[in-house]
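K.L.:
Sharing entry-v9.pdb (PDB, C-alpha atoms) below.
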```pdb
ATOM      1  CA  MET K   1       0.714 -28.613   8.365
ATOM      2  CA  THR K   2      -0.467 -25.467   6.585
ATOM      3  CA  THR K   3       1.507 -22.316   7.348
ATOM      4  CA  PRO K   4      -0.262 -19.007   8.037
ATOM      5  CA  SER K   5       1.037 -17.516   4.783
ATOM      6  CA  GLN K   6      -0.413 -20.408   2.807
ATOM      7  CA  ASN K   7      -3.699 -19.757   4.542
ATOM      8  CA  ARG K   8      -3.441 -16.170   3.306
ATOM      9  CA  GLU K   9      -3.121 -17.331  -0.279
ATOM     10  CA  ARG K  10      -6.253 -19.428   0.098
ATOM     11  CA  ILE K  11      -8.066 -16.491   1.689
ATOM     12  CA  ALA K  12      -7.032 -14.325  -1.263
ATOM     13  CA  PHE K  13      -8.434 -16.815  -3.768
ATOM     14  CA  SER K  14     -11.642 -17.095  -1.754
ATOM     15  CA  SER K  15     -11.954 -13.296  -1.673
ATOM     16  CA  LEU K  16     -11.572 -13.149  -5.438
ATOM     17  CA  ALA K  17     -14.308 -15.723  -5.909
ATOM     18  CA  THR K  18     -16.594 -13.777  -3.595
ATOM     19  CA  ALA K  19     -15.724 -10.553  -5.437
ATOM     20  CA  GLU K  20     -16.907 -12.143  -8.679
ATOM     21  CA  ASP K  21     -20.214 -13.060  -7.018
ATOM     22  CA  TRP K  22     -20.686  -9.455  -5.873
ATOM     23  CA  ARG K  23     -19.786  -8.223  -9.340
ATOM     24  CA  LYS K  24     -22.557 -10.352 -10.856
ATOM     25  CA  LYS K  25     -24.962  -8.845  -8.319
ATOM     26  CA  GLY K  26     -23.848  -5.325  -9.207
ATOM     27  CA  ASN K  27     -22.631  -4.500  -5.700
ATOM     28  CA  ALA K  28     -19.546  -2.349  -6.260
ATOM     29  CA  ARG K  29     -18.812  -1.733  -2.580
ATOM     30  CA  TRP K  30     -18.636  -5.374  -1.548
ATOM     31  CA  GLU K  31     -16.734  -6.312  -4.680
ATOM     32  CA  LEU K  32     -14.200  -3.607  -3.808
ATOM     33  CA  THR K  33     -13.922  -4.878  -0.231
ATOM     34  CA  CYS K  34     -13.154  -8.396  -1.438
ATOM     35  CA  LEU K  35     -10.637  -7.254  -4.052
ATOM     36  CA  THR K  36      -8.817  -5.097  -1.510
ATOM     37  CA  SER K  37      -8.664  -8.012   0.909
ATOM     38  CA  ALA K  38      -7.278 -10.233  -1.850
ATOM     39  CA  LEU K  39      -4.535  -7.738  -2.702
ATOM     40  CA  VAL K  40      -3.420  -7.361   0.915
ATOM     41  CA  ASN K  41      -3.305 -11.121   1.362
ATOM     42  CA  LEU K  42      -1.405 -11.633  -1.888
ATOM     43  CA  ILE K  43       1.258  -9.061  -0.984
ATOM     44  CA  GLY K  44       1.412 -10.639   2.481
ATOM     45  CA  TYR K  45       2.071 -14.024   0.913
ATOM     46  CA  ALA K  46       4.646 -12.566  -1.487
ATOM     47  CA  VAL K  47       6.753 -10.883   1.206
ATOM     48  CA  GLU K  48       6.730 -13.993   3.415
ATOM     49  CA  GLN K  49       7.343 -16.684   0.829
ATOM     50  CA  PHE K  50       9.815 -15.122  -1.616
ATOM     51  CA  PRO K  51      13.327 -13.939  -0.753
ATOM     52  CA  ASP K  52      13.302 -10.711  -2.730
ATOM     53  CA  ALA K  53      11.215  -8.289  -4.772
ATOM     54  CA  THR K  54      11.993 -10.052  -8.057
ATOM     55  CA  GLY K  55      10.429 -13.300  -6.910
ATOM     56  CA  GLY K  56       7.583 -11.542  -5.128
ATOM     57  CA  VAL K  57       6.630  -9.460  -8.146
ATOM     58  CA  ALA K  58       6.797 -12.505 -10.405
ATOM     59  CA  TYR K  59       4.414 -14.267  -8.027
ATOM     60  CA  LEU K  60       1.998 -11.321  -8.000
ATOM     61  CA  ASP K  61       2.097 -11.238 -11.787
ATOM     62  CA  SER K  62       1.288 -14.948 -11.897
ATOM     63  CA  ARG K  63      -1.784 -14.281  -9.749
ATOM     64  CA  GLU K  64      -2.930 -11.429 -12.036
ATOM     65  CA  ALA K  65      -2.582  -8.863  -9.270
ATOM     66  CA  ALA K  66      -2.256  -6.089 -11.869
ATOM     67  CA  THR K  67      -5.707  -6.895 -13.245
ATOM     68  CA  ILE K  68      -7.115  -6.960  -9.717
ATOM     69  CA  LEU K  69      -5.587  -3.527  -9.098
ATOM     70  CA  ASP K  70      -7.121  -2.128 -12.270
ATOM     71  CA  ARG K  71     -10.568  -3.287 -11.211
ATOM     72  CA  THR K  72     -10.020  -2.013  -7.666
ATOM     73  CA  ALA K  73      -9.139   1.445  -8.969
ATOM     74  CA  GLU K  74     -12.107   1.423 -11.335
ATOM     75  CA  LEU K  75     -14.589   0.579  -8.573
ATOM     76  CA  ASN K  76     -13.044   3.087  -6.198
ATOM     77  CA  GLN K  77     -13.376   5.811  -8.821
ATOM     78  CA  GLN K  78     -17.045   4.924  -9.280
ATOM     79  CA  LEU K  79     -17.707   5.293  -5.568
ATOM     80  CA  HIS K  80     -15.667   8.487  -5.465
ATOM     81  CA  GLN K  81     -17.707  10.011  -8.286
ATOM     82  CA  ILE K  82     -20.899   9.273  -6.361
ATOM     83  CA  LEU K  83     -19.391  10.924  -3.279
ATOM     84  CA  GLN K  84     -18.610  14.013  -5.350
ATOM     85  CA  GLN K  85     -22.128  14.085  -6.798
ATOM     86  CA  ASP K  86     -24.028  13.474  -3.564
ATOM     87  CA  GLY K  87     -21.681  15.176  -1.122
ATOM     88  CA  LYS K  88     -21.546  12.008   0.950
ATOM     89  CA  PRO K  89     -20.706   8.326   0.360
ATOM     90  CA  THR K  90     -24.210   7.115  -0.418
ATOM     91  CA  ALA K  91     -22.966   4.107  -2.405
ATOM     92  CA  GLY K  92     -20.553   2.862   0.256
ATOM     93  CA  ALA K  93     -17.112   3.413   1.716
ATOM     94  CA  ILE K  94     -14.193   4.557  -0.402
ATOM     95  CA  GLU K  95     -10.703   3.077  -0.116
ATOM     96  CA  ASN K  96      -8.001   5.584   0.809
ATOM     97  CA  ASP K  97      -5.280   3.166   1.876
ATOM     98  CA  VAL K  98      -2.016   4.311   0.316
ATOM     99  CA  THR K  99      -0.679   0.757   0.554
ATOM    100  CA  LEU K 100      -2.647  -0.054  -2.590
ATOM    101  CA  VAL K 101      -0.764   2.717  -4.399
ATOM    102  CA  GLN K 102       2.539   1.142  -3.455
ATOM    103  CA  ILE K 103       1.435  -2.281  -4.654
ATOM    104  CA  ALA K 104       0.436  -0.643  -7.942
ATOM    105  CA  TRP K 105       3.849   1.041  -8.226
ATOM    106  CA  LEU K 106       5.531  -2.269  -7.534
ATOM    107  CA  LEU K 107       3.660  -3.783 -10.488
ATOM    108  CA  GLU K 108       4.083  -0.677 -12.679
ATOM    109  CA  ARG K 109       0.327  -0.168 -12.872
ATOM    110  CA  TRP K 110       0.605   3.600 -13.190
ATOM    111  CA  VAL K 111      -2.952   4.491 -14.242
ATOM    112  CA  ALA K 112      -4.457   2.550 -11.364
ATOM    113  CA  ALA K 113      -1.871   3.991  -8.981
ATOM    114  CA  ASN K 114      -2.684   7.561  -9.998
ATOM    115  CA  ALA K 115      -6.405   7.009  -9.559
ATOM    116  CA  LEU K 116      -5.922   5.467  -6.129
ATOM    117  CA  LEU K 117      -3.479   8.155  -4.988
ATOM    118  CA  ASP K 118      -5.715  11.034  -6.074
ATOM    119  CA  ILE K 119      -8.430   9.622  -3.837
ATOM    120  CA  CYS K 120      -6.011   9.167  -0.925
ATOM    121  CA  VAL K 121      -5.224  12.900  -0.894
ATOM    122  CA  ASP K 122      -8.778  14.112  -1.493
ATOM    123  CA  PRO K 123      -9.812  16.147   1.596
ATOM    124  CA  THR K 124     -13.481  15.285   1.019
ATOM    125  CA  VAL K 125     -12.684  11.577   1.253
ATOM    126  CA  ARG K 126     -10.599  12.210   4.356
ATOM    127  CA  LYS K 127     -13.538  14.024   5.937
ATOM    128  CA  PHE K 128     -15.571  10.820   5.905
ATOM    129  CA  TYR K 129     -12.664   8.402   6.307
ATOM    130  CA  PRO K 130     -10.086  10.093   8.568
ATOM    131  CA  GLN K 131      -6.464   9.044   8.667
ATOM    132  CA  THR K 132      -3.806   9.576  11.294
ATOM    133  CA  LYS K 133      -1.574  12.598  10.766
ATOM    134  CA  PHE K 134       1.244  10.296   9.797
ATOM    135  CA  TRP K 135      -0.688   8.620   6.973
ATOM    136  CA  VAL K 136      -1.892  11.992   5.716
ATOM    137  CA  GLU K 137       1.773  12.975   5.471
ATOM    138  CA  TYR K 138       2.702   9.674   3.847
ATOM    139  CA  SER K 139       0.077  10.178   1.142
ATOM    140  CA  ARG K 140       1.332  13.723   0.624
ATOM    141  CA  ALA K 141       4.855  12.406   0.161
ATOM    142  CA  LEU K 142       3.796   9.942  -2.522
ATOM    143  CA  CYS K 143       1.840  12.676  -4.267
ATOM    144  CA  PHE K 144       4.854  15.008  -4.336
ATOM    145  CA  PHE K 145       7.014  12.142  -5.578
ATOM    146  CA  ARG K 146       4.594  11.296  -8.377
ATOM    147  CA  ASP K 147       4.232  14.928  -9.418
ATOM    148  CA  LYS K 148       8.017  15.476  -9.420
ATOM    149  CA  GLN K 149       7.859  18.144  -6.735
ATOM    150  CA  ARG K 150      10.478  18.633  -4.053
ATOM    151  CA  TYR K 151       9.354  17.087  -0.803
ATOM    152  CA  GLU K 152      10.483  17.522   2.781
ATOM    153  CA  PRO K 153       8.785  15.572   5.586
ATOM    154  CA  VAL K 154       6.529  17.400   8.024
ATOM    155  CA  ILE K 155       6.234  14.846  10.786
ATOM    156  CA  THR K 156       4.481  15.349  14.080
ATOM    157  CA  LYS K 157       4.786  12.858  16.919
ATOM    158  CA  VAL K 158       4.483   9.301  15.640
ATOM    159  CA  GLN K 159       2.910   6.447  17.524
ATOM    160  CA  GLY K 160       3.957   2.822  17.838
ATOM    161  CA  TYR K 161       4.716   1.104  14.554
ATOM    162  CA  GLU K 162       4.557   4.422  12.644
ATOM    163  CA  GLN K 163       8.186   5.138  13.600
ATOM    164  CA  TYR K 164       9.256   2.334  11.286
ATOM    165  CA  TRP K 165       7.613   3.970   8.274
ATOM    166  CA  VAL K 166       9.269   7.394   8.745
ATOM    167  CA  PRO K 167      12.465   6.396   6.853
ATOM    168  CA  TYR K 168      10.443   5.976   3.637
ATOM    169  CA  LEU K 169       9.539   9.655   3.820
ATOM    170  CA  ASN K 170      13.225  10.500   4.156
ATOM    171  CA  LEU K 171      13.996   8.412   1.072
ATOM    172  CA  ILE K 172      11.328  10.227  -0.943
ATOM    173  CA  ALA K 173      12.748  13.558   0.252
ATOM    174  CA  ASP K 174      16.209  12.550  -0.926
ATOM    175  CA  LEU K 175      14.946  11.345  -4.295
ATOM    176  CA  THR K 176      12.833  14.415  -5.023
ATOM    177  CA  ASN K 177      15.666  16.752  -4.014
ATOM    178  CA  LEU K 178      18.252  14.777  -6.008
ATOM    179  CA  ARG K 179      20.255  13.991  -2.889
ATOM    180  CA  GLU K 180      22.377  10.986  -2.049
ATOM    181  CA  THR K 181      20.108   8.201  -0.774
ATOM    182  CA  SER K 182      22.596   5.980   1.061
ATOM    183  CA  LYS K 183      21.708   7.359   4.502
ATOM    184  CA  SER K 184      17.921   7.094   4.093
ATOM    185  CA  ARG K 185      18.223   3.622   2.588
ATOM    186  CA  GLN K 186      20.367   2.517   5.512
ATOM    187  CA  GLU K 187      17.702   3.895   7.858
ATOM    188  CA  ILE K 188      15.133   1.794   6.017
ATOM    189  CA  ALA K 189      17.303  -1.327   6.217
ATOM    190  CA  THR K 190      17.915  -0.834   9.937
ATOM    191  CA  ALA K 191      14.217  -0.253  10.649
ATOM    192  CA  PHE K 192      13.278  -3.292   8.557
ATOM    193  CA  GLN K 193      15.644  -5.562  10.457
ATOM    194  CA  LYS K 194      14.642  -4.166  13.832
ATOM    195  CA  ARG K 195      10.892  -4.491  13.407
ATOM    196  CA  ASN K 196      11.170  -7.998  11.990
ATOM    197  CA  ARG K 197      12.949  -9.121  15.179
ATOM    198  CA  ASP K 198      10.760  -7.303  17.697
ATOM    199  CA  LYS K 199       8.089  -9.631  19.092
ATOM    200  CA  ARG K 200       6.544  -6.755  21.045
ATOM    201  CA  LEU K 201       5.377  -5.137  17.806
ATOM    202  CA  LEU K 202       2.149  -5.900  15.989
ATOM    203  CA  ASP K 203       1.944  -5.585  12.220
ATOM    204  CA  TRP K 204      -1.718  -6.472  12.130
ATOM    205  CA  ARG K 205      -1.860  -6.842   8.340
ATOM    206  CA  MET K 206       1.372  -8.876   8.261
ATOM    207  CA  ILE K 207       2.810  -7.100   5.221
ATOM    208  CA  ASP K 208       5.625  -5.020   6.762
ATOM    209  CA  GLY K 209       6.797  -7.547   9.319
ATOM    210  CA  ASP K 210       7.149  -7.968  13.067
ATOM    211  CA  GLY K 211       8.932 -10.438  15.334
ATOM    212  CA  LYS K 212       6.104 -12.976  15.216
ATOM    213  CA  HIS K 213       5.399 -12.674  11.491
ATOM    214  CA  PRO K 214       8.665 -11.530   9.864
ATOM    215  CA  VAL K 215       8.809 -10.805   6.151
ATOM    216  CA  LEU K 216      11.719 -11.381   3.791
ATOM    217  CA  TRP K 217      11.727  -8.222   1.698
ATOM    218  CA  ASP K 218      10.482  -4.654   1.896
ATOM    219  CA  PHE K 219       7.724  -4.004  -0.626
ATOM    220  CA  ARG K 220       7.459  -0.307   0.302
ATOM    221  CA  GLU K 221      11.092   0.491  -0.453
ATOM    222  CA  ALA K 222      10.938  -1.691  -3.572
ATOM    223  CA  SER K 223       7.894   0.193  -4.850
ATOM    224  CA  ILE K 224       9.500   3.599  -4.264
ATOM    225  CA  LEU K 225      12.655   2.532  -6.073
ATOM    226  CA  ARG K 226      10.639   1.029  -8.903
ATOM    227  CA  PHE K 227       8.800   4.294  -9.368
ATOM    228  CA  ALA K 228      12.062   6.255  -9.312
ATOM    229  CA  GLU K 229      13.622   3.936 -11.887
ATOM    230  CA  VAL K 230      10.737   3.993 -14.352
ATOM    231  CA  ASN K 231       9.768   7.642 -13.840
ATOM    232  CA  PRO K 232      13.099   9.522 -13.558
TER     233      PRO K 232
END
```
Reformat the file's structure so that it appears as structure tokens.
P.N.:
Amino acid sequence: MTTPSQNRERIAFSSLATAEDWRKKGNARWELTCLTSALVNLIGYAVEQFPDATGGVAYLDSREAATILDRTAELNQQLHQILQQDGKPTAGAIENDVTLVQIAWLLERWVAANALLDICVDPTVRKFYPQTKFWVEYSRALCFFRDKQRYEPVITKVQGYEQYWVPYLNLIADLTNLRETSKSRQEIATAFQKRNRDKRLLDWRMIDGDGKHPVLWDFREASILRFAEVNP
């Protein structure tokens, strides 16, 4: 019997094949859609099938996820430039999902990560593709972290699953202010364990974990720590 995570790997490969077809047709938007889908499915497979970040990153490297990220960032920049020129997204939707930035950090793809993050915090992009207040703050946190600026969370009321992502902001605050990180990392570990046991939750992309689709390791914390290690 095929497990759901194995299905995700097949879906990722299918998305990559479709992306190549769109590339040959010169359709940047649909190529970008397929590449983004492939990346989310590959990280979903990695966190379900491998026990830790070392194995997961090795798997992503074996599937050339870094190259996929580079192309994703390139296409997104093309669409962003058209938005800037025309004042509206005439060539198609722009990706402003900060998750892609964290996958790029995990794989040490810094140029792609910077390009993707700059678009995530662009207010013009947000005008056409709104985010919840929490994800606006999350993008701001990553931007401060990247730019080596001191960060303190400004968090309004969170909803549902968002509460489980708040500890990452606390970790970034500790790192940028050169504070001890044991408390924030324990908060992350506790939240990770709790959400991966709670069958009432719904992690609809199946990359952070819930009680029905638990994951084995935390790619968000791993990406933050990877960035901190390589960019002290």
K.L.:
Can you tell me, as a compact mmCIF listing (two decimals) with C-alpha atoms, keeping the file's coordinate frame, what residues are no more than 9 Å from Arg63 (chain K) when counting only C-alpha atoms, ignoring any on the same chain fewer than 4 positions away?
P.N.:
```txt
# COMPACT_ATOMS: atom_id res chain seq x y z
CA LEU K 42 -1.40 -11.63 -1.89
CA ALA K 58 6.80 -12.50 -10.40
CA TYR K 59 4.41 -14.27 -8.03
```
K.L.:
Measuring atom to atom with only C-alpha atoms, identify which of K:Val136, K:Val154, K:Ile68, K:Ile82 is nearest to Ala112 (chain K).
P.N.:
K:Ile68
K.L.:
Could you tell me which of K:Ala189, K:Ala53, K:Ala46, K:Ile172 comes closest to Cys143 (chain K) if we count all atoms listed in the file?
P.N.:
K:Ile172
K.L.:
For this structure, which residues satisfy the selection - the PyMOL selection byres ((chain K and resi 207) around 7) - when it is evaluated on the file as given? I want them as a ChimeraX atom specification.
P.N.:
/K:43-44,47,205-206,208-209
K.L.:
Rank K:Leu117, K:Lys148, K:Val101, K:Leu39 by their smallest atom-to-atom distance to Asp61 (chain K), using all atoms listed in the file, and report the top residue only.
P.N.:
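The closest residue to Asp61 (chain K) is K:Leu39.
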K.L.:
Go through K:Glu108, K:Asp210, K:Asp198, K:Glu95 and flag the residue nearest Pro130 (chain K), using only C-alpha atoms for the distances.
P.N.:
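Nearest candidate to Pro130 (chain K) out of K:Glu108, K:Asp210, K:Asp198, K:Glu95: K:Glu95.
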K.L.:
Please write as a list in words the full residue list that the PyMOL selection byres ((chain K and resi 224-226) around 8) yields on this file.
P.N.:
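Matching residues under the PyMOL selection byres ((chain K and resi 224-226) around 8) are Gln102, Trp105, Leu106, Glu108, Ile172, Arg220, Glu221, Ala222, Ser223, Phe227, Ala228, Glu229 and Val230 of chain K.
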K.L.:
Because some atoms of region 165-192 of chain K are absent here, can you restore N, CA and C atoms and send them as a PDB file, in the coordinates of the input?
P.N.:
```pdb
ATOM      1  N   TRP K 165       7.940   3.510   9.629  1.00  0.00           N
ATOM      2  CA  TRP K 165       7.613   3.970   8.274  1.00  0.00           C
ATOM      3  C   TRP K 165       8.202   5.342   7.957  1.00  0.00           C
ATOM      4  N   VAL K 166       8.694   6.061   8.962  1.00  0.00           N
ATOM      5  CA  VAL K 166       9.269   7.394   8.745  1.00  0.00           C
ATOM      6  C   VAL K 166      10.431   7.371   7.753  1.00  0.00           C
ATOM      7  N   PRO K 167      11.339   6.382   7.792  1.00  0.00           N
ATOM      8  CA  PRO K 167      12.465   6.396   6.853  1.00  0.00           C
ATOM      9  C   PRO K 167      12.064   6.434   5.376  1.00  0.00           C
ATOM     10  N   TYR K 168      10.874   5.909   5.041  1.00  0.00           N
ATOM     11  CA  TYR K 168      10.443   5.976   3.637  1.00  0.00           C
ATOM     12  C   TYR K 168      10.215   7.423   3.209  1.00  0.00           C
ATOM     13  N   LEU K 169       9.737   8.239   4.130  1.00  0.00           N
ATOM     14  CA  LEU K 169       9.539   9.655   3.820  1.00  0.00           C
ATOM     15  C   LEU K 169      10.888  10.329   3.575  1.00  0.00           C
ATOM     16  N   ASN K 170      11.889   9.944   4.350  1.00  0.00           N
ATOM     17  CA  ASN K 170      13.225  10.500   4.156  1.00  0.00           C
ATOM     18  C   ASN K 170      13.807  10.093   2.801  1.00  0.00           C
ATOM     19  N   LEU K 171      13.535   8.867   2.383  1.00  0.00           N
ATOM     20  CA  LEU K 171      13.996   8.412   1.072  1.00  0.00           C
ATOM     21  C   LEU K 171      13.337   9.220  -0.042  1.00  0.00           C
ATOM     22  N   ILE K 172      12.039   9.432   0.069  1.00  0.00           N
ATOM     23  CA  ILE K 172      11.328  10.227  -0.943  1.00  0.00           C
ATOM     24  C   ILE K 172      11.873  11.654  -0.974  1.00  0.00           C
ATOM     25  N   ALA K 173      12.172  12.208   0.194  1.00  0.00           N
ATOM     26  CA  ALA K 173      12.748  13.558   0.252  1.00  0.00           C
ATOM     27  C   ALA K 173      14.087  13.595  -0.482  1.00  0.00           C
ATOM     28  N   ASP K 174      14.913  12.592  -0.252  1.00  0.00           N
ATOM     29  CA  ASP K 174      16.209  12.550  -0.926  1.00  0.00           C
ATOM     30  C   ASP K 174      16.042  12.424  -2.440  1.00  0.00           C
ATOM     31  N   LEU K 175      15.141  11.565  -2.863  1.00  0.00           N
ATOM     32  CA  LEU K 175      14.946  11.345  -4.295  1.00  0.00           C
ATOM     33  C   LEU K 175      14.397  12.586  -4.988  1.00  0.00           C
ATOM     34  N   THR K 176      13.438  13.243  -4.364  1.00  0.00           N
ATOM     35  CA  THR K 176      12.833  14.415  -5.023  1.00  0.00           C
ATOM     36  C   THR K 176      13.754  15.623  -5.009  1.00  0.00           C
ATOM     37  N   ASN K 177      14.706  15.650  -4.078  1.00  0.00           N
ATOM     38  CA  ASN K 177      15.666  16.752  -4.014  1.00  0.00           C
ATOM     39  C   ASN K 177      17.015  16.390  -4.637  1.00  0.00           C
ATOM     40  N   LEU K 178      17.043  15.231  -5.305  1.00  0.00           N
ATOM     41  CA  LEU K 178      18.252  14.777  -6.008  1.00  0.00           C
ATOM     42  C   LEU K 178      19.453  14.680  -5.072  1.00  0.00           C
ATOM     43  N   ARG K 179      19.191  14.162  -3.863  1.00  0.00           N
ATOM     44  CA  ARG K 179      20.255  13.991  -2.889  1.00  0.00           C
ATOM     45  C   ARG K 179      20.711  12.537  -2.844  1.00  0.00           C
ATOM     46  N   GLU K 180      21.866  12.331  -2.280  1.00  0.00           N
ATOM     47  CA  GLU K 180      22.377  10.986  -2.049  1.00  0.00           C
ATOM     48  C   GLU K 180      21.402  10.215  -1.150  1.00  0.00           C
ATOM     49  N   THR K 181      21.121   8.967  -1.500  1.00  0.00           N
ATOM     50  CA  THR K 181      20.108   8.201  -0.774  1.00  0.00           C
ATOM     51  C   THR K 181      20.688   7.145   0.165  1.00  0.00           C
ATOM     52  N   SER K 182      22.005   7.064   0.270  1.00  0.00           N
ATOM     53  CA  SER K 182      22.596   5.980   1.061  1.00  0.00           C
ATOM     54  C   SER K 182      22.169   6.033   2.524  1.00  0.00           C
ATOM     55  N   LYS K 183      22.085   7.239   3.097  1.00  0.00           N
ATOM     56  CA  LYS K 183      21.708   7.359   4.502  1.00  0.00           C
ATOM     57  C   LYS K 183      20.261   6.931   4.730  1.00  0.00           C
ATOM     58  N   SER K 184      19.341   7.436   3.908  1.00  0.00           N
ATOM     59  CA  SER K 184      17.921   7.094   4.093  1.00  0.00           C
ATOM     60  C   SER K 184      17.680   5.612   3.816  1.00  0.00           C
ATOM     61  N   ARG K 185      18.394   5.040   2.873  1.00  0.00           N
ATOM     62  CA  ARG K 185      18.223   3.622   2.588  1.00  0.00           C
ATOM     63  C   ARG K 185      18.789   2.770   3.721  1.00  0.00           C
ATOM     64  N   GLN K 186      19.839   3.236   4.355  1.00  0.00           N
ATOM     65  CA  GLN K 186      20.367   2.517   5.512  1.00  0.00           C
ATOM     66  C   GLN K 186      19.391   2.602   6.672  1.00  0.00           C
ATOM     67  N   GLU K 187      18.739   3.759   6.828  1.00  0.00           N
ATOM     68  CA  GLU K 187      17.702   3.895   7.858  1.00  0.00           C
ATOM     69  C   GLU K 187      16.574   2.895   7.615  1.00  0.00           C
ATOM     70  N   ILE K 188      16.189   2.748   6.363  1.00  0.00           N
ATOM     71  CA  ILE K 188      15.133   1.794   6.017  1.00  0.00           C
ATOM     72  C   ILE K 188      15.574   0.373   6.339  1.00  0.00           C
ATOM     73  N   ALA K 189      16.800   0.030   5.960  1.00  0.00           N
ATOM     74  CA  ALA K 189      17.303  -1.327   6.217  1.00  0.00           C
ATOM     75  C   ALA K 189      17.369  -1.622   7.709  1.00  0.00           C
ATOM     76  N   THR K 190      17.824  -0.649   8.484  1.00  0.00           N
ATOM     77  CA  THR K 190      17.915  -0.834   9.937  1.00  0.00           C
ATOM     78  C   THR K 190      16.534  -1.002  10.551  1.00  0.00           C
ATOM     79  N   ALA K 191      15.585  -0.157  10.126  1.00  0.00           N
ATOM     80  CA  ALA K 191      14.217  -0.253  10.649  1.00  0.00           C
ATOM     81  C   ALA K 191      13.576  -1.577  10.259  1.00  0.00           C
ATOM     82  N   PHE K 192      13.834  -2.018   9.038  1.00  0.00           N
ATOM     83  CA  PHE K 192      13.278  -3.292   8.557  1.00  0.00           C
ATOM     84  C   PHE K 192      13.774  -4.450   9.413  1.00  0.00           C
TER      85      PHE K 192
END
```
